[in-house]
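Asks: Take this structure, written in C-alpha cells, and hold onto it; I'll ask about it next.
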Amino acid sequence: MSVNEGRITYVNGPVVKGKGMSSFKLREMVLVGKHKLIGEVISVVDDKGTLQVYEETEGLELNEIIQGLNEPLSLKLGPGLIGNIFDGIGRPLVEIDNMSSDFIPEGIGLLSINFEKKWEVDILVKEGQTLEAGQVFGLTEETSLVVNKLLVPPGTGGKVVFVESNGRYSMDTVLLKIEDRKGKIHEIKMFQNWPVRVKRPVKERLKISKPLVTGQRILDMFFPIAKGGTAAIPGGFGTGKTMTQHQLAKWSDADIIVYIGCGERGNEMTDVLEEFPKLIDPKSGKPIMERTILIANTSNMPVAAREASIYTGITMAEYYRDMGYHVAIMADSTSRWAEALREISGRLEEMPAEEGYPAYLPSRLAEFYERAGYVNTLQGKEGSVTIIGAVSPAGGDFSEPVTENTKRYVNAFLALDKKLAYARHYPSINWLNSYSGYIKMLEEWYEKNVGPDAIELRSNMMKLLQEESKLLDIVQLVGEDVLPDSQRLTLEISRILKVGYLQQNAFHKDDTYVPINKQYEMLKLINHLNNKAMECVKSGIPISKIKDADIFDSMIRMKYNIPNDDLSGIKELKTRIDDFYETLMSKYTG
C-alpha cells in the first residue's frame, strides 16, 4: 500500500472511517472508493482517520481504497465564475447537466471552471519589472459588466523574467514567469488555486464608513447595512426571507453578487435558477447574471457539501474583493447549513450541545461572518465583502441556538414578522425587533450624502413607532375613543409611516427601488405633517378637523404617485399641508 492510501472500515452516510491513514493530514482532500468520491479528512487518531464525503456514499464497501491528494479542498479561481451556477463544492452544474441531465453522477471528480475556453488577455507588465503579491498583471473581460483583473497569487512576488504577449489564451497558459528572491521561478497562469477554509490575505482592514444602498426604505433609512458589514434576516416559513434577499441582490449597489442556496427546498432553488437569468440589472440594462455567481445546494443534496457551500461562496467573494470590487453574499439559509453540521456531528457521535447542535456551532458561525469586511487589498485598492445571511428558525422561534448565536456576530438584525407577512406587509421586517449597529458608524456619510438631519429624523420616527406600539395595547383593551387627541394623531401618523413608507411593493416600477434622496424627502414630509398637525392639536383643534382624508391619503399614495426622478410632487404636497393647517389655525385661533 502506498504512503497515502487507506482502506475503508466504516460507512455511515457522509461519514466514512478508514485505517492505514497515519500519513494523511487534517483537512486533506481524498478520493474514496472505486468511484473516487470526493471527501475531506476531519480527524486522524493513530492510523485511523475519519472523513466527510461530499457525494452520495450509497454502494461504498469495506476495504475500498481511500486515496489522499495532499491538498485541502480548494477552488480554481479565475475568469468564468461570473454568470455560472455551481454546486456546494464549486463544480459547475451546467457542465454536469451536459454529462448527466437528471442527477449528479458519482465520481465525476472536482470539475471547475472551463479550461478549454480562450480569453482575450491584455498584459499590463513588462520583463524586468518587479511585482508584489496581489498586483494586477493583466485584464480580461469576463462579462460586459465585470473585468477580471488577473492578480499575482498571494505569497508570490519578484522580478518578471518572462511575459506572454497580448492575445487569446486558455486557463492553463503560462502568462508570466516570476523569479523570487531565492532564485525560484514561479509560473503565473490565469487562475489561482485557493483552499476554501482559509481566508485570503489583505493589506489592512478598514473602518466601516459606507452603507450598502439597497433602495429599500426600511433598510436604508431605518436599519442600514454597511459595505463590508454583516446582517442576518431571521424569519419563519413564508415571511419573505428569499424575496428580501432577491431584492437586495437585484438593487443593492454591490458590484458582484454571490447567492448561496444552502440546503433550501429544491422547488425554491429551481425558482432562483430559472428567475435569476431572466432578471435585468436595473443599473446597466443587461442580464443580472453578468455580475452574479449562483451556488445551488438543495436540501436533498449530500449534507457534507452543504456544510462546505458557504466556504465555497465566501472564497469566490474574496477573490473578486481582492480585485477591488464590492461583493455582497446572500446565504440562504444558514440554519440549513447548521443542520448539516448537526447531522454530521451526530454521525461522528460527538457530544451534542443545545438542541443537538455541536458545541462548536458558535465558533463556525463566527468564522464565516468574520470573513466579511471593508479592506485595503494587497494591490492598495478598496474592496469589500458584505454577508447577508438568512436564518430559518423552526416555528419562527428567535430564541433557538442558530438565531441566538448569529445575533452575537452580526451588526444588523432584520427580524421578519409572521403577522406582518400574513397581513401582506412586505418587506415584513419588524421595526421594533430589528436593529442596526451601523447607524453611528454611518452617521457622517448620511449627513454628507443624504441630509444633515437624516439620523435625527430616523430617531424621531422610531420614537413615534414605539409610542404607537404602547398605544395599540391600550386601544385593544378600551378602544381608541378614550385616547387624547395627541395620541390619536400619533396612531394616524404611524399608519402613514407603516403603510406609506415601510411597506414597499416589489412589483411596482417606482416602488421596487427608491433612491435614497427620495426616501429622505418622503420621511421628512411625514415628520413635517406630524409637526404641523401636532401644533393644531396643542391649539385645541379637534382631531376630526385635523385629519384631512385627502391629505392623509395622498401621503400614503406618494410612493406610487411621485416618480423617482421628479420629486416636485413632494414640494407640492408640502405646500398643500402648509396651506391647509395655516387656514385651519387661523379659522380656530383667529
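Going through the C-alpha cells in order, the chains are called A, B, and so on, while each chain numbers its residues from 1 and the ligands are numbered from 1 in the order shown.
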Excluding Glu120 (chain A) and its own-chain neighbours fewer than 5 positions away, which residues fall within 8 Å of it when counting only C-alpha atoms? Please give them as a list in words.

Replies: Thr140, Glu141, Asn166, Gly167, Arg168 and Tyr169 of chain A

Asks: Please identify which residues in region 380-477 of chain A DSSP calls helix (DSSP H, G or I) from the backbone, and express them as a PyMOL selection string.

Replies: chain A and resi 394-396+401-409+418-422+439-449+454-477

Asks: Near Gly78 (chain A), within 8 Å and counting only C-alpha atoms, which residues show up once chain neighbours fewer than 6 positions away are dropped, as a ChimeraX atom specification?

Replies: /A:113,148,150,171,190-192

Asks: Quick one: write out the picked residues with N, CA, C and O atoms as a tab-separated table (two decimals), in the first residue's frame?

Replies:
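This went into again14.tsv:
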chain	number	residue	atom	x	y	z
A	113	ILE	N	-13.98	25.60	-13.37
A	113	ILE	CA	-14.24	26.50	-14.49
A	113	ILE	C	-13.65	25.92	-15.78
A	113	ILE	O	-12.74	25.09	-15.73
A	148	ASN	N	-12.14	40.99	-15.27
A	148	ASN	CA	-11.36	40.17	-14.35
A	148	ASN	C	-9.92	40.69	-14.35
A	148	ASN	O	-9.25	40.70	-15.38
A	150	LEU	N	-6.37	40.09	-13.48
A	150	LEU	CA	-5.52	38.92	-13.18
A	150	LEU	C	-4.46	39.33	-12.17
A	150	LEU	O	-3.71	40.28	-12.38
A	171	MET	N	-6.94	28.85	-19.78
A	171	MET	CA	-6.56	28.95	-18.36
A	171	MET	C	-5.17	28.40	-18.06
A	171	MET	O	-4.48	28.88	-17.18
A	190	MET	N	-3.66	32.13	-15.53
A	190	MET	CA	-4.84	33.00	-15.40
A	190	MET	C	-5.63	32.70	-14.12
A	190	MET	O	-6.38	33.53	-13.65
A	191	PHE	N	-5.48	31.50	-13.58
A	191	PHE	CA	-6.27	31.12	-12.40
A	191	PHE	C	-5.37	30.92	-11.18
A	191	PHE	O	-4.16	30.78	-11.30
A	192	GLN	N	-5.99	30.91	-10.01
A	192	GLN	CA	-5.29	30.62	-8.75
A	192	GLN	C	-6.00	29.45	-8.07
A	192	GLN	O	-7.21	29.31	-8.18

Asks: Name the residues in contact with region 450-467 of chain A at a cut-off of 9 Å, using only C-alpha atoms, excluding same-chain residues fewer than 2 positions from it; report them as a PyMOL selection string.

Replies: chain A and resi 221-222+431-432+439-440+443-448+469-472+487+490-491+493-494+497-498+516-517+520+523-524+526-527

Asks: Could you check how far CA of Phe223 (chain A) sits from CA of Phe413 (chain A), in Å to one decimal?

Replies: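 The value is 8.3 Å.
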
Asks: When you count only C-alpha atoms, which of these residues is closest to Ser309 (chain A): A:Gly479, A:Gly540, A:Pro79, A:Gly261?

Replies: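 Answer, going by the shortest atom-to-atom distance: A:Gly261.
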